file coords-v6.pdb (PDB, C-alpha atoms)
ATOM      1  CA  MET A   1      -3.411 -14.672 -17.406
ATOM      2  CA  LYS A   2      -0.092 -13.946 -15.736
ATOM      3  CA  SER A   3       1.654 -16.844 -14.031
ATOM      4  CA  GLN A   4       1.808 -16.642 -10.250
ATOM      5  CA  LEU A   5       5.597 -16.375 -10.254
ATOM      6  CA  SER A   6       5.510 -13.373 -12.613
ATOM      7  CA  TYR A   7       3.863 -11.286  -9.874
ATOM      8  CA  PHE A   8       7.111 -11.511  -7.889
ATOM      9  CA  THR A   9       9.589 -10.634 -10.647
ATOM     10  CA  GLY A  10      10.011  -7.028  -9.494
ATOM     11  CA  SER A  11      10.343  -8.136  -5.866
ATOM     12  CA  PHE A  12      13.113 -10.615  -6.668
ATOM     13  CA  ILE A  13      14.978  -7.979  -8.717
ATOM     14  CA  PHE A  14      14.662  -5.402  -5.908
ATOM     15  CA  SER A  15      15.812  -7.983  -3.332
ATOM     16  CA  ALA A  16      18.850  -8.905  -5.431
ATOM     17  CA  LEU A  17      19.810  -5.230  -5.756
ATOM     18  CA  ALA A  18      19.254  -4.768  -2.003
ATOM     19  CA  VAL A  19      21.570  -7.697  -1.201
ATOM     20  CA  ILE A  20      24.252  -6.300  -3.529
ATOM     21  CA  ALA A  21      23.950  -2.843  -1.973
ATOM     22  CA  ALA A  22      24.121  -4.350   1.524
ATOM     23  CA  TYR A  23      27.293  -6.222   0.554
ATOM     24  CA  PHE A  24      29.002  -2.928  -0.355
ATOM     25  CA  ILE A  25      27.755  -1.368   2.906
ATOM     26  CA  GLY A  26      28.433  -4.188   5.357
ATOM     27  CA  GLY A  27      30.095  -7.054   3.529
ATOM     28  CA  VAL A  28      28.830 -10.631   3.641
ATOM     29  CA  LYS A  29      27.252 -10.063   7.066
ATOM     30  CA  GLY A  30      25.257  -7.129   5.701
ATOM     31  CA  ALA A  31      24.032  -9.148   2.703
ATOM     32  CA  VAL A  32      22.945 -12.062   4.901
ATOM     33  CA  THR A  33      21.192  -9.672   7.298
ATOM     34  CA  VAL A  34      19.178  -8.176   4.409
ATOM     35  CA  LEU A  35      18.097 -11.665   3.315
ATOM     36  CA  PHE A  36      16.989 -12.533   6.850
ATOM     37  CA  LEU A  37      15.111  -9.238   7.297
ATOM     38  CA  THR A  38      13.366  -9.744   3.944
ATOM     39  CA  VAL A  39      12.065 -13.143   5.008
ATOM     40  CA  LEU A  40      11.120 -11.831   8.463
ATOM     41  CA  GLU A  41       9.205  -8.818   7.114
ATOM     42  CA  THR A  42       7.378 -10.930   4.516
ATOM     43  CA  SER A  43       6.294 -13.537   7.057
ATOM     44  CA  LEU A  44       5.197 -10.905   9.589
ATOM     45  CA  SER A  45       3.206  -8.902   7.033
ATOM     46  CA  PHE A  46       1.424 -11.527   4.927
ATOM     47  CA  ASP A  47      -1.782 -10.766   6.819
ATOM     48  CA  ASN A  48      -1.226  -7.139   5.791
ATOM     49  CA  ALA A  49      -1.283  -8.287   2.142
ATOM     50  CA  VAL A  50      -4.639 -10.017   2.650
ATOM     51  CA  VAL A  51      -6.153  -6.936   4.301
ATOM     52  CA  ASN A  52      -4.760  -4.667   1.578
ATOM     53  CA  ALA A  53      -6.294  -6.952  -1.060
ATOM     54  CA  THR A  54      -9.647  -6.806   0.742
ATOM     55  CA  ILE A  55      -9.617  -3.009   0.509
ATOM     56  CA  LEU A  56      -8.191  -2.780  -3.009
ATOM     57  CA  ASN A  57     -10.943  -5.069  -4.324
ATOM     58  CA  GLY A  58     -13.251  -2.060  -4.074
ATOM     59  CA  TRP A  59     -10.892   0.268  -5.980
ATOM     60  CA  ASP A  60     -10.614   0.856  -9.711
ATOM     61  CA  ALA A  61      -7.448   0.062 -11.690
ATOM     62  CA  VAL A  62      -6.142   3.645 -11.535
ATOM     63  CA  TRP A  63      -6.135   3.906  -7.726
ATOM     64  CA  ARG A  64      -4.844   0.366  -7.358
ATOM     65  CA  ARG A  65      -1.865   1.291  -9.541
ATOM     66  CA  ARG A  66      -1.293   4.508  -7.603
ATOM     67  CA  PHE A  67      -1.222   2.622  -4.326
ATOM     68  CA  LEU A  68       1.029  -0.154  -5.618
ATOM     69  CA  VAL A  69       3.489   2.340  -7.198
ATOM     70  CA  TRP A  70       3.465   5.441  -4.998
ATOM     71  CA  GLY A  71       2.483   3.468  -1.924
ATOM     72  CA  MET A  72       5.530   1.291  -2.491
ATOM     73  CA  LEU A  73       7.829   4.321  -2.396
ATOM     74  CA  VAL A  74       6.164   5.532   0.802
ATOM     75  CA  ALA A  75       6.396   2.059   2.352
ATOM     76  CA  VAL A  76      10.082   1.508   1.546
ATOM     77  CA  PHE A  77      11.549   4.984   2.018
ATOM     78  CA  GLY A  78       8.916   6.658   4.162
ATOM     79  CA  MET A  79       7.919   4.058   6.731
ATOM     80  CA  ARG A  80      11.196   2.112   6.845
ATOM     81  CA  LEU A  81      13.672   5.025   6.607
ATOM     82  CA  VAL A  82      12.128   8.439   7.326
ATOM     83  CA  PHE A  83       9.595   7.402   9.979
ATOM     84  CA  PRO A  84      12.167   5.800  12.344
ATOM     85  CA  LEU A  85      14.252   8.972  12.010
ATOM     86  CA  LEU A  86      11.233  11.035  13.067
ATOM     87  CA  ILE A  87      10.639   8.753  16.066
ATOM     88  CA  VAL A  88      14.280   9.080  17.162
ATOM     89  CA  GLY A  89      14.108  12.845  16.597
ATOM     90  CA  ILE A  90      11.021  13.194  18.794
ATOM     91  CA  ALA A  91      12.291  10.808  21.487
ATOM     92  CA  GLY A  92      15.750  12.400  21.516
ATOM     93  CA  GLY A  93      14.596  16.004  21.160
ATOM     94  CA  MET A  94      16.459  16.592  17.894
ATOM     95  CA  GLY A  95      15.697  17.370  14.257
ATOM     96  CA  PRO A  96      15.487  14.737  11.463
ATOM     97  CA  LEU A  97      18.923  15.718  10.081
ATOM     98  CA  ALA A  98      20.508  15.331  13.516
ATOM     99  CA  ALA A  99      18.783  11.943  13.836
ATOM    100  CA  LEU A 100      20.176  10.928  10.429
ATOM    101  CA  ASP A 101      23.660  12.018  11.487
ATOM    102  CA  LEU A 102      23.241   9.943  14.659
ATOM    103  CA  ALA A 103      22.143   6.896  12.634
ATOM    104  CA  VAL A 104      25.159   7.163  10.330
ATOM    105  CA  ASN A 105      27.895   8.073  12.807
ATOM    106  CA  ARG A 106      26.603   6.713  16.135
ATOM    107  CA  PRO A 107      24.313   3.798  15.256
ATOM    108  CA  ASP A 108      24.467   2.315  18.770
ATOM    109  CA  GLU A 109      23.064   5.509  20.281
ATOM    110  CA  TYR A 110      20.479   5.737  17.490
ATOM    111  CA  GLY A 111      19.334   2.188  18.254
ATOM    112  CA  ARG A 112      19.233   2.907  21.980
ATOM    113  CA  ILE A 113      16.956   5.925  21.534
ATOM    114  CA  LEU A 114      14.641   4.072  19.152
ATOM    115  CA  THR A 115      14.435   1.122  21.539
ATOM    116  CA  SER A 116      13.723   3.457  24.475
ATOM    117  CA  ALA A 117      10.586   4.609  22.635
ATOM    118  CA  HIS A 118       9.419   1.017  22.129
ATOM    119  CA  HIS A 119       6.576   1.272  24.655
ATOM    120  CA  GLN A 120       5.129   4.293  22.830
ATOM    121  CA  ILE A 121       5.541   2.674  19.409
ATOM    122  CA  ALA A 122       3.880  -0.505  20.690
ATOM    123  CA  ALA A 123       0.981   1.428  22.237
ATOM    124  CA  PHE A 124       0.288   3.441  19.078
ATOM    125  CA  GLY A 125       0.665   0.506  16.666
ATOM    126  CA  GLY A 126      -1.129  -1.975  18.933
ATOM    127  CA  ALA A 127      -4.100   0.351  19.473
ATOM    128  CA  PHE A 128      -4.372   1.143  15.757
ATOM    129  CA  LEU A 129      -4.283  -2.546  14.773
ATOM    130  CA  MET A 130      -6.761  -3.479  17.516
ATOM    131  CA  MET A 131      -9.183  -0.941  16.034
ATOM    132  CA  VAL A 132      -8.698  -2.549  12.602
ATOM    133  CA  PHE A 133      -9.351  -6.010  14.088
ATOM    134  CA  LEU A 134     -12.454  -4.980  16.030
ATOM    135  CA  LYS A 135     -13.909  -2.969  13.140
ATOM    136  CA  PHE A 136     -14.038  -6.155  11.070
ATOM    137  CA  PHE A 137     -15.603  -8.419  13.696
ATOM    138  CA  VAL A 138     -17.675  -5.969  15.749
ATOM    139  CA  ASP A 139     -20.066  -5.362  12.859
ATOM    140  CA  ARG A 140     -23.799  -5.961  13.315
ATOM    141  CA  HIS A 141     -24.194  -6.473   9.548
ATOM    142  CA  LYS A 142     -21.626  -9.304   9.423
ATOM    143  CA  THR A 143     -23.305 -12.629   8.586
ATOM    144  CA  GLU A 144     -20.476 -15.028   7.735
ATOM    145  CA  HIS A 145     -18.359 -16.423  10.556
ATOM    146  CA  TRP A 146     -15.289 -18.642  10.701
ATOM    147  CA  PHE A 147     -14.937 -19.183  14.476
ATOM    148  CA  HIS A 148     -18.686 -18.936  15.075
ATOM    149  CA  ALA A 149     -18.468 -19.260  18.884
ATOM    150  CA  LEU A 150     -16.173 -16.213  19.034
ATOM    151  CA  GLU A 151     -17.271 -14.143  16.062
ATOM    152  CA  ALA A 152     -21.044 -14.263  16.579
ATOM    153  CA  PRO A 153     -20.888 -12.588  20.046
ATOM    154  CA  LEU A 154     -18.515  -9.947  18.651
ATOM    155  CA  THR A 155     -21.010  -9.243  15.876
ATOM    156  CA  ARG A 156     -23.772  -8.623  18.426
ATOM    157  CA  LEU A 157     -21.524  -6.070  20.164
ATOM    158  CA  GLY A 158     -21.751  -4.002  16.988
ATOM    159  CA  LYS A 159     -25.111  -2.689  18.218
ATOM    160  CA  LEU A 160     -23.231  -0.636  20.829
ATOM    161  CA  GLU A 161     -22.041   2.776  19.625
ATOM    162  CA  ALA A 162     -18.229   3.195  19.341
ATOM    163  CA  ILE A 163     -17.648  -0.119  21.152
ATOM    164  CA  GLU A 164     -14.405  -0.700  19.183
ATOM    165  CA  ALA A 165     -12.814   2.440  20.624
ATOM    166  CA  ALA A 166     -14.063   1.624  24.133
ATOM    167  CA  LEU A 167     -12.665  -1.933  24.070
ATOM    168  CA  THR A 168      -9.336  -0.761  22.648
ATOM    169  CA  LEU A 169      -8.917   1.964  25.260
ATOM    170  CA  ILE A 170      -9.776  -0.504  28.041
ATOM    171  CA  LEU A 171      -7.077  -2.847  26.732
ATOM    172  CA  VAL A 172      -4.567   0.030  26.601
ATOM    173  CA  LEU A 173      -5.369   1.012  30.203
ATOM    174  CA  LEU A 174      -5.080  -2.578  31.432
ATOM    175  CA  THR A 175      -1.718  -2.987  29.702
ATOM    176  CA  ALA A 176      -0.487   0.347  31.054
ATOM    177  CA  ALA A 177      -1.015  -1.009  34.573
ATOM    178  CA  LEU A 178       1.948  -3.325  33.904
ATOM    179  CA  LEU A 179       4.278  -0.335  33.569
ATOM    180  CA  ASP A 180       5.721   1.968  36.218
ATOM    181  CA  GLY A 181       6.675   5.623  36.389
ATOM    182  CA  PRO A 182       6.473   8.000  33.427
ATOM    183  CA  GLU A 183       6.332   5.100  30.949
ATOM    184  CA  ARG A 184       2.736   4.403  32.041
ATOM    185  CA  GLY A 185       1.501   7.867  31.077
ATOM    186  CA  GLU A 186       3.481   7.846  27.819
ATOM    187  CA  PHE A 187       2.017   4.453  26.937
ATOM    188  CA  VAL A 188      -1.575   5.614  27.530
ATOM    189  CA  THR A 189      -1.021   8.828  25.559
ATOM    190  CA  ALA A 190       0.421   6.937  22.575
ATOM    191  CA  GLY A 191      -2.426   4.401  22.726
ATOM    192  CA  VAL A 192      -5.035   7.172  22.681
ATOM    193  CA  TRP A 193      -3.313   8.701  19.664
ATOM    194  CA  GLY A 194      -3.462   5.303  17.938
ATOM    195  CA  VAL A 195      -7.247   5.224  18.371
ATOM    196  CA  VAL A 196      -7.641   8.871  17.325
ATOM    197  CA  THR A 197      -5.473   8.352  14.247
ATOM    198  CA  TYR A 198      -7.551   5.353  13.181
ATOM    199  CA  ILE A 199     -10.798   7.311  13.576
ATOM    200  CA  PHE A 200      -9.438  10.258  11.582
ATOM    201  CA  ALA A 201      -8.022   7.996   8.841
ATOM    202  CA  LYS A 202     -11.306   6.097   8.393
ATOM    203  CA  GLY A 203     -13.273   9.331   8.675
ATOM    204  CA  LEU A 204     -11.156  11.020   6.007
ATOM    205  CA  ALA A 205     -11.576   8.014   3.712
ATOM    206  CA  ALA A 206     -15.368   8.204   4.106
ATOM    207  CA  LEU A 207     -15.410  11.999   3.746
ATOM    208  CA  VAL A 208     -13.391  12.000   0.535
ATOM    209  CA  GLY A 209     -14.917   8.885  -0.970
ATOM    210  CA  GLY A 210     -18.563   9.191   0.032
ATOM    211  CA  GLU A 211     -20.797   6.574   1.582
ATOM    212  CA  ASP A 212     -19.764   2.926   1.628
ATOM    213  CA  ALA A 213     -21.727   0.626  -0.621
ATOM    214  CA  GLY A 214     -23.024  -1.741   2.039
ATOM    215  CA  HIS A 215     -19.653  -3.118   3.138
ATOM    216  CA  GLU A 216     -17.983  -1.175   5.932
ATOM    217  CA  GLN A 217     -14.635  -2.913   5.400
ATOM    218  CA  VAL A 218     -14.164  -1.329   1.968
ATOM    219  CA  VAL A 219     -12.251   1.904   2.438
ATOM    220  CA  ARG A 220     -13.133   4.225  -0.443
ATOM    221  CA  GLN A 221     -10.470   4.900  -3.036
ATOM    222  CA  GLY A 222      -8.907   8.322  -3.071
ATOM    223  CA  VAL A 223      -6.598  10.324  -0.812
ATOM    224  CA  GLY A 224      -8.373   9.136   2.352
ATOM    225  CA  GLY A 225      -8.170   5.459   1.417
ATOM    226  CA  PHE A 226      -4.532   5.857   0.393
ATOM    227  CA  LEU A 227      -3.721   7.450   3.760
ATOM    228  CA  TYR A 228      -5.540   4.685   5.641
ATOM    229  CA  LEU A 229      -3.583   1.940   3.863
ATOM    230  CA  GLU A 230      -0.272   3.698   4.517
ATOM    231  CA  LEU A 231      -1.085   4.037   8.224
ATOM    232  CA  LEU A 232      -2.012   0.352   8.281
ATOM    233  CA  ASP A 233       1.316  -0.510   6.667
ATOM    234  CA  ALA A 234       3.123   1.684   9.197
ATOM    235  CA  SER A 235       1.462  -0.136  12.104
ATOM    236  CA  PHE A 236       2.602  -3.466  10.688
ATOM    237  CA  SER A 237       6.152  -2.189  10.181
ATOM    238  CA  PHE A 238       6.670  -0.765  13.705
ATOM    239  CA  ASP A 239       7.561  -4.084  15.288
ATOM    240  CA  GLY A 240       9.828  -5.049  12.406
ATOM    241  CA  VAL A 241      11.750  -1.755  12.527
ATOM    242  CA  VAL A 242      12.385  -2.029  16.276
ATOM    243  CA  GLY A 243      13.086  -5.772  16.146
ATOM    244  CA  ALA A 244      15.581  -5.333  13.304
ATOM    245  CA  PHE A 245      17.986  -3.633  15.709
ATOM    246  CA  ALA A 246      18.525  -7.022  17.323
ATOM    247  CA  LEU A 247      20.376  -7.948  14.107
ATOM    248  CA  THR A 248      22.083  -4.706  13.085
ATOM    249  CA  ASN A 249      22.301  -1.030  14.015
ATOM    250  CA  ASN A 250      22.862   0.040  10.400
ATOM    251  CA  LEU A 251      19.809   2.068   9.350
ATOM    252  CA  PHE A 252      20.425   1.534   5.627
ATOM    253  CA  ILE A 253      20.735  -2.248   5.880
ATOM    254  CA  ILE A 254      17.514  -2.297   7.913
ATOM    255  CA  THR A 255      15.772  -0.174   5.271
ATOM    256  CA  LEU A 256      16.994  -2.433   2.444
ATOM    257  CA  GLY A 257      15.887  -5.636   4.192
ATOM    258  CA  LEU A 258      12.498  -4.395   5.369
ATOM    259  CA  GLY A 259      11.936  -2.609   2.047
ATOM    260  CA  ALA A 260      12.538  -5.829   0.112
ATOM    261  CA  GLY A 261      10.052  -7.557   2.404
ATOM    262  CA  ALA A 262       7.530  -4.783   1.734
ATOM    263  CA  MET A 263       7.978  -5.393  -2.007
ATOM    264  CA  PHE A 264       6.998  -9.051  -1.569
ATOM    265  CA  VAL A 265       3.959  -7.998   0.480
ATOM    266  CA  ARG A 266       2.857  -5.739  -2.411
ATOM    267  CA  SER A 267       3.362  -8.625  -4.860
ATOM    268  CA  PHE A 268       1.196 -10.890  -2.709
ATOM    269  CA  THR A 269      -1.425  -8.136  -2.573
ATOM    270  CA  LEU A 270      -1.538  -7.788  -6.357
ATOM    271  CA  LEU A 271      -1.766 -11.558  -6.813
ATOM    272  CA  LEU A 272      -4.663 -11.831  -4.339
ATOM    273  CA  VAL A 273      -6.567  -8.998  -6.037
ATOM    274  CA  GLU A 274      -6.104 -10.038  -9.658
ATOM    275  CA  ARG A 275      -6.635 -13.759  -9.038
ATOM    276  CA  GLY A 276      -9.790 -13.179  -6.978
ATOM    277  CA  THR A 277      -8.323 -15.331  -4.215
ATOM    278  CA  LEU A 278     -10.402 -13.780  -1.427
ATOM    279  CA  SER A 279     -13.680 -14.682  -3.101
ATOM    280  CA  THR A 280     -12.455 -18.247  -3.705
ATOM    281  CA  TYR A 281     -11.229 -18.829  -0.142
ATOM    282  CA  ARG A 282     -13.977 -17.305   1.989
ATOM    283  CA  TYR A 283     -12.274 -17.537   5.393
ATOM    284  CA  LEU A 284      -8.864 -16.206   4.315
ATOM    285  CA  GLU A 285      -9.955 -12.671   5.151
ATOM    286  CA  HIS A 286     -11.113 -13.819   8.603
ATOM    287  CA  GLY A 287      -7.749 -15.467   9.240
ATOM    288  CA  ALA A 288      -5.910 -12.279   8.286
ATOM    289  CA  PHE A 289      -7.951 -10.155  10.684
ATOM    290  CA  TRP A 290      -7.492 -12.676  13.508
ATOM    291  CA  ALA A 291      -3.751 -12.455  12.785
ATOM    292  CA  ILE A 292      -4.001  -8.653  13.053
ATOM    293  CA  GLY A 293      -5.725  -9.012  16.425
ATOM    294  CA  ALA A 294      -3.008 -11.386  17.591
ATOM    295  CA  LEU A 295      -0.299  -8.967  16.422
ATOM    296  CA  ALA A 296      -2.007  -6.097  18.270
ATOM    297  CA  VAL A 297      -2.085  -8.101  21.512
ATOM    298  CA  ILE A 298       1.543  -9.195  21.059
ATOM    299  CA  MET A 299       2.662  -5.601  20.447
ATOM    300  CA  LEU A 300       0.900  -4.374  23.577
ATOM    301  CA  ALA A 301       2.104  -7.293  25.716
ATOM    302  CA  GLY A 302       5.636  -6.813  24.352
ATOM    303  CA  VAL A 303       6.145  -3.734  26.526
ATOM    304  CA  LYS A 304       6.392  -6.045  29.542
ATOM    305  CA  PHE A 305       7.179  -9.490  28.150
ATOM    306  CA  HIS A 306       9.790 -10.385  25.544
ATOM    307  CA  ILE A 307       8.086 -12.100  22.618
ATOM    308  CA  PRO A 308      10.445 -13.126  19.759
ATOM    309  CA  GLU A 309       9.561 -11.912  16.267
ATOM    310  CA  ALA A 310       9.593 -15.554  15.115
ATOM    311  CA  VAL A 311       6.664 -16.301  17.441
ATOM    312  CA  THR A 312       4.725 -13.345  16.024
ATOM    313  CA  GLY A 313       5.311 -14.548  12.476
ATOM    314  CA  LEU A 314       4.373 -18.147  13.300
ATOM    315  CA  VAL A 315       1.102 -17.130  14.987
ATOM    316  CA  GLY A 316       0.054 -15.044  11.978
ATOM    317  CA  ALA A 317       1.099 -17.723   9.486
ATOM    318  CA  ALA A 318      -0.730 -20.440  11.456
ATOM    319  CA  LEU A 319      -3.982 -18.456  11.557
ATOM    320  CA  ILE A 320      -3.860 -17.721   7.828
ATOM    321  CA  ALA A 321      -2.969 -21.335   6.966
ATOM    322  CA  LEU A 322      -5.825 -22.563   9.174
ATOM    323  CA  SER A 323      -8.305 -20.202   7.525
ATOM    324  CA  LEU A 324      -7.102 -21.304   4.088
ATOM    325  CA  GLY A 325      -7.570 -24.967   5.035
ATOM    326  CA  SER A 326     -11.052 -24.254   6.396
ATOM    327  CA  SER A 327     -11.963 -22.470   3.158
ATOM    328  CA  ILE A 328     -10.828 -25.427   1.040
ATOM    329  CA  LEU A 329     -12.821 -27.891   3.179
ATOM    330  CA  SER A 330     -15.894 -25.662   3.022
ATOM    331  CA  ASN A 331     -15.633 -25.414  -0.780
ATOM    332  CA  ARG A 332     -15.350 -29.203  -1.061
ATOM    333  CA  ARG A 333     -18.396 -29.717   1.164
ATOM    334  CA  GLU A 334     -20.445 -27.337  -0.947
ATOM    335  CA  ALA A 335     -19.299 -29.034  -4.162
ATOM    336  CA  ALA A 336     -20.210 -32.447  -2.748
ATOM    337  CA  ALA A 337     -23.639 -31.181  -1.669
ATOM    338  CA  ASP A 338     -24.326 -29.834  -5.172
ATOM    339  CA  GLU A 339     -23.535 -33.158  -6.827
ATOM    340  CA  PRO A 340     -26.640 -35.228  -7.779
TER     341      PRO A 340
END
call {"tool": "encode", "arguments": {"input": "coords-v6.pdb", "output": "structure tokens"}}
result
Amino acid sequence: MKSQLSYFTGSFIFSALAVIAAYFIGGVKGAVTVLFLTVLETSLSFDNAVVNATILNGWDAVWRRRFLVWGMLVAVFGMRLVFPLLIVGIAGGMGPLAALDLAVNRPDEYGRILTSAHHQIAAFGGAFLMMVFLKFFVDRHKTEHWFHALEAPLTRLGKLEAIEAALTLILVLLTAALLDGPERGEFVTAGVWGVVTYIFAKGLAALVGGEDAGHEQVVRQGVGGFLYLELLDASFSFDGVVGAFALTNNLFIITLGLGAGAMFVRSFTLLLVERGTLSTYRYLEHGAFWAIGALAVIMLAGVKFHIPEAVTGLVGAALIALSLGSSILSNRREAAADEP
């Protein structure tokens, strides 16, 4: 069996190359910024790795490899480079090439336009992630609970049709009330699109892959499942892309740093799948989905209140660490009960 460190060999090599490239682009400051962004992206997206592993457990080796190879290219160059350009293009009423020219020659203006669209990005990403969170817990077939007092009532809500979409839209409307002027309508519109996109992504995964085998959290392998995982990755990366402009306005340094972080997330995903970690630590999956719910709330609340990225990362890390500790204690209790 591979050693745990060997799973991260490619990520360390990519990170080293990213730091070297950043040095030639922005000197020592650029190299240090890439290192910081790598750590930030990895810490913010570890719950993404757990969720990815949950889904990939139901895939065969071929589709796992396709996601980890082609999905990596989409994650690094698509979501961290091309997607922000598209956002700036839409927000600024310009084409992708004009947005790229703006990023290269007028990075301050590029950052200003991207930041001005923050409320729409937060609404779309927050709504999408809230749907992911609720889909896991608002499930009438779910029998295992970590926070029983909170999760059991959510499970009973699963008897109501489309309750996840209703709760998410209510949350979007309540958050929109904090905004004034045209931003309120733009926020609601983006939030609705987040819900619609989630429904279409899950629907496409089911349509292409067939019926789920008794576990609604397993997104079927194939084009639909691939699309769903990429949208999930995009939702996790939104906050990091916008927050990175607090450190630098250089699009390429941001892409290198966040891309290196995405590589480590993929390495964690592969380790969790091949080591069977999720079946060993039963509540780790619960902790990851609670972290997703917390991230969704933070993204939505961030349109009105400034919440540092470090706080977001610490909340997610604390929930996952707590779920890991609970899993270890539960395993020890079961082992002790089985002893004669």
call {"tool": "atom_distance", "arguments": {"input": "coords-v6.pdb", "atom1": "atom CA of A:Gly191", "atom2": "atom CA of A:Phe124"}}
result
4.6 Å
call {"tool": "atom_distance", "arguments": {"input": "coords-v6.pdb", "atom1": "atom CA of A:Leu322", "atom2": "atom CA of A:Tyr283"}}
result
9.0 Å
call {"tool": "atom_distance", "arguments": {"input": "coords-v6.pdb", "atom1": "atom CA of A:Leu56", "atom2": "atom CA of A:Tyr228"}}
result
11.7 Å
call {"tool": "residues_around", "arguments": {"input": "coords-v6.pdb", "residues": "stretch 272-282 of chain A", "least_positions_apart": "4", "cutoff": "12 Å", "atoms": "all atoms listed in the file", "output": "PyMOL selection string"}}
result
chain A and resi 1-4+7+46-61+64-65+68+144-146+265-268+286-288+320-332
call {"tool": "write_last_selection", "arguments": {"input": "coords-v6.pdb", "atoms": "C-alpha atoms", "output": "PDB file, in the coordinates of the input"}}
result
ATOM      1  CA  MET A   1      -3.411 -14.672 -17.406  1.00  0.00           C
ATOM      2  CA  LYS A   2      -0.092 -13.946 -15.736  1.00  0.00           C
ATOM      3  CA  SER A   3       1.654 -16.844 -14.031  1.00  0.00           C
ATOM      4  CA  GLN A   4       1.808 -16.642 -10.250  1.00  0.00           C
ATOM      5  CA  TYR A   7       3.863 -11.286  -9.874  1.00  0.00           C
ATOM      6  CA  PHE A  46       1.424 -11.527   4.927  1.00  0.00           C
ATOM      7  CA  ASP A  47      -1.782 -10.766   6.819  1.00  0.00           C
ATOM      8  CA  ASN A  48      -1.226  -7.139   5.791  1.00  0.00           C
ATOM      9  CA  ALA A  49      -1.283  -8.287   2.142  1.00  0.00           C
ATOM     10  CA  VAL A  50      -4.639 -10.017   2.650  1.00  0.00           C
ATOM     11  CA  VAL A  51      -6.153  -6.936   4.301  1.00  0.00           C
ATOM     12  CA  ASN A  52      -4.760  -4.667   1.578  1.00  0.00           C
ATOM     13  CA  ALA A  53      -6.294  -6.952  -1.060  1.00  0.00           C
ATOM     14  CA  THR A  54      -9.647  -6.806   0.742  1.00  0.00           C
ATOM     15  CA  ILE A  55      -9.617  -3.009   0.509  1.00  0.00           C
ATOM     16  CA  LEU A  56      -8.191  -2.780  -3.009  1.00  0.00           C
ATOM     17  CA  ASN A  57     -10.943  -5.069  -4.324  1.00  0.00           C
ATOM     18  CA  GLY A  58     -13.251  -2.060  -4.074  1.00  0.00           C
ATOM     19  CA  TRP A  59     -10.892   0.268  -5.980  1.00  0.00           C
ATOM     20  CA  ASP A  60     -10.614   0.856  -9.711  1.00  0.00           C
ATOM     21  CA  ALA A  61      -7.448   0.062 -11.690  1.00  0.00           C
ATOM     22  CA  ARG A  64      -4.844   0.366  -7.358  1.00  0.00           C
ATOM     23  CA  ARG A  65      -1.865   1.291  -9.541  1.00  0.00           C
ATOM     24  CA  LEU A  68       1.029  -0.154  -5.618  1.00  0.00           C
ATOM     25  CA  GLU A 144     -20.476 -15.028   7.735  1.00  0.00           C
ATOM     26  CA  HIS A 145     -18.359 -16.423  10.556  1.00  0.00           C
ATOM     27  CA  TRP A 146     -15.289 -18.642  10.701  1.00  0.00           C
ATOM     28  CA  VAL A 265       3.959  -7.998   0.480  1.00  0.00           C
ATOM     29  CA  ARG A 266       2.857  -5.739  -2.411  1.00  0.00           C
ATOM     30  CA  SER A 267       3.362  -8.625  -4.860  1.00  0.00           C
ATOM     31  CA  PHE A 268       1.196 -10.890  -2.709  1.00  0.00           C
ATOM     32  CA  HIS A 286     -11.113 -13.819   8.603  1.00  0.00           C
ATOM     33  CA  GLY A 287      -7.749 -15.467   9.240  1.00  0.00           C
ATOM     34  CA  ALA A 288      -5.910 -12.279   8.286  1.00  0.00           C
ATOM     35  CA  ILE A 320      -3.860 -17.721   7.828  1.00  0.00           C
ATOM     36  CA  ALA A 321      -2.969 -21.335   6.966  1.00  0.00           C
ATOM     37  CA  LEU A 322      -5.825 -22.563   9.174  1.00  0.00           C
ATOM     38  CA  SER A 323      -8.305 -20.202   7.525  1.00  0.00           C
ATOM     39  CA  LEU A 324      -7.102 -21.304   4.088  1.00  0.00           C
ATOM     40  CA  GLY A 325      -7.570 -24.967   5.035  1.00  0.00           C
ATOM     41  CA  SER A 326     -11.052 -24.254   6.396  1.00  0.00           C
ATOM     42  CA  SER A 327     -11.963 -22.470   3.158  1.00  0.00           C
ATOM     43  CA  ILE A 328     -10.828 -25.427   1.040  1.00  0.00           C
ATOM     44  CA  LEU A 329     -12.821 -27.891   3.179  1.00  0.00           C
ATOM     45  CA  SER A 330     -15.894 -25.662   3.022  1.00  0.00           C
ATOM     46  CA  ASN A 331     -15.633 -25.414  -0.780  1.00  0.00           C
ATOM     47  CA  ARG A 332     -15.350 -29.203  -1.061  1.00  0.00           C
TER      48      ARG A 332
END
call {"tool": "closest_residue", "arguments": {"input": "coords-v6.pdb", "among": "A:Glu41, A:Glu334, A:Glu151, A:Glu109", "to": "A:Phe137", "atoms": "all atoms listed in the file"}}
result
A:Glu151
call {"tool": "residues_around", "arguments": {"input": "coords-v6.pdb", "residues": "A:Gly302", "least_positions_apart": "4", "cutoff": "10 Å", "atoms": "all atoms listed in the file", "output": "number ranges by chain"}}
result
A: 118-119, 122-123, 126, 175, 239, 296-298, 306-308
call {"tool": "resolve_selection", "arguments": {"input": "coords-v6.pdb", "expression": "the PyMOL selection byres ((chain A and resi 128-133) around 8)", "output": "VMD selection string"}}
result
chain A and resid 124 to 127 134 to 137 164 to 165 168 191 194 to 195 197 to 198 232 235 289 to 290 292 to 293 295 to 297
call {"tool": "closest_residue", "arguments": {"input": "coords-v6.pdb", "among": "A:Val32, A:Ala18, A:Ala291, A:Leu300", "to": "A:Leu314", "atoms": "all atoms listed in the file"}}
result
A:Ala291
call {"tool": "closest_residue", "arguments": {"input": "coords-v6.pdb", "among": "A:Gly78, A:Gly259, A:Gly111, A:Gly225", "to": "A:Lys202", "atoms": "only C-alpha atoms"}}
result
A:Gly225
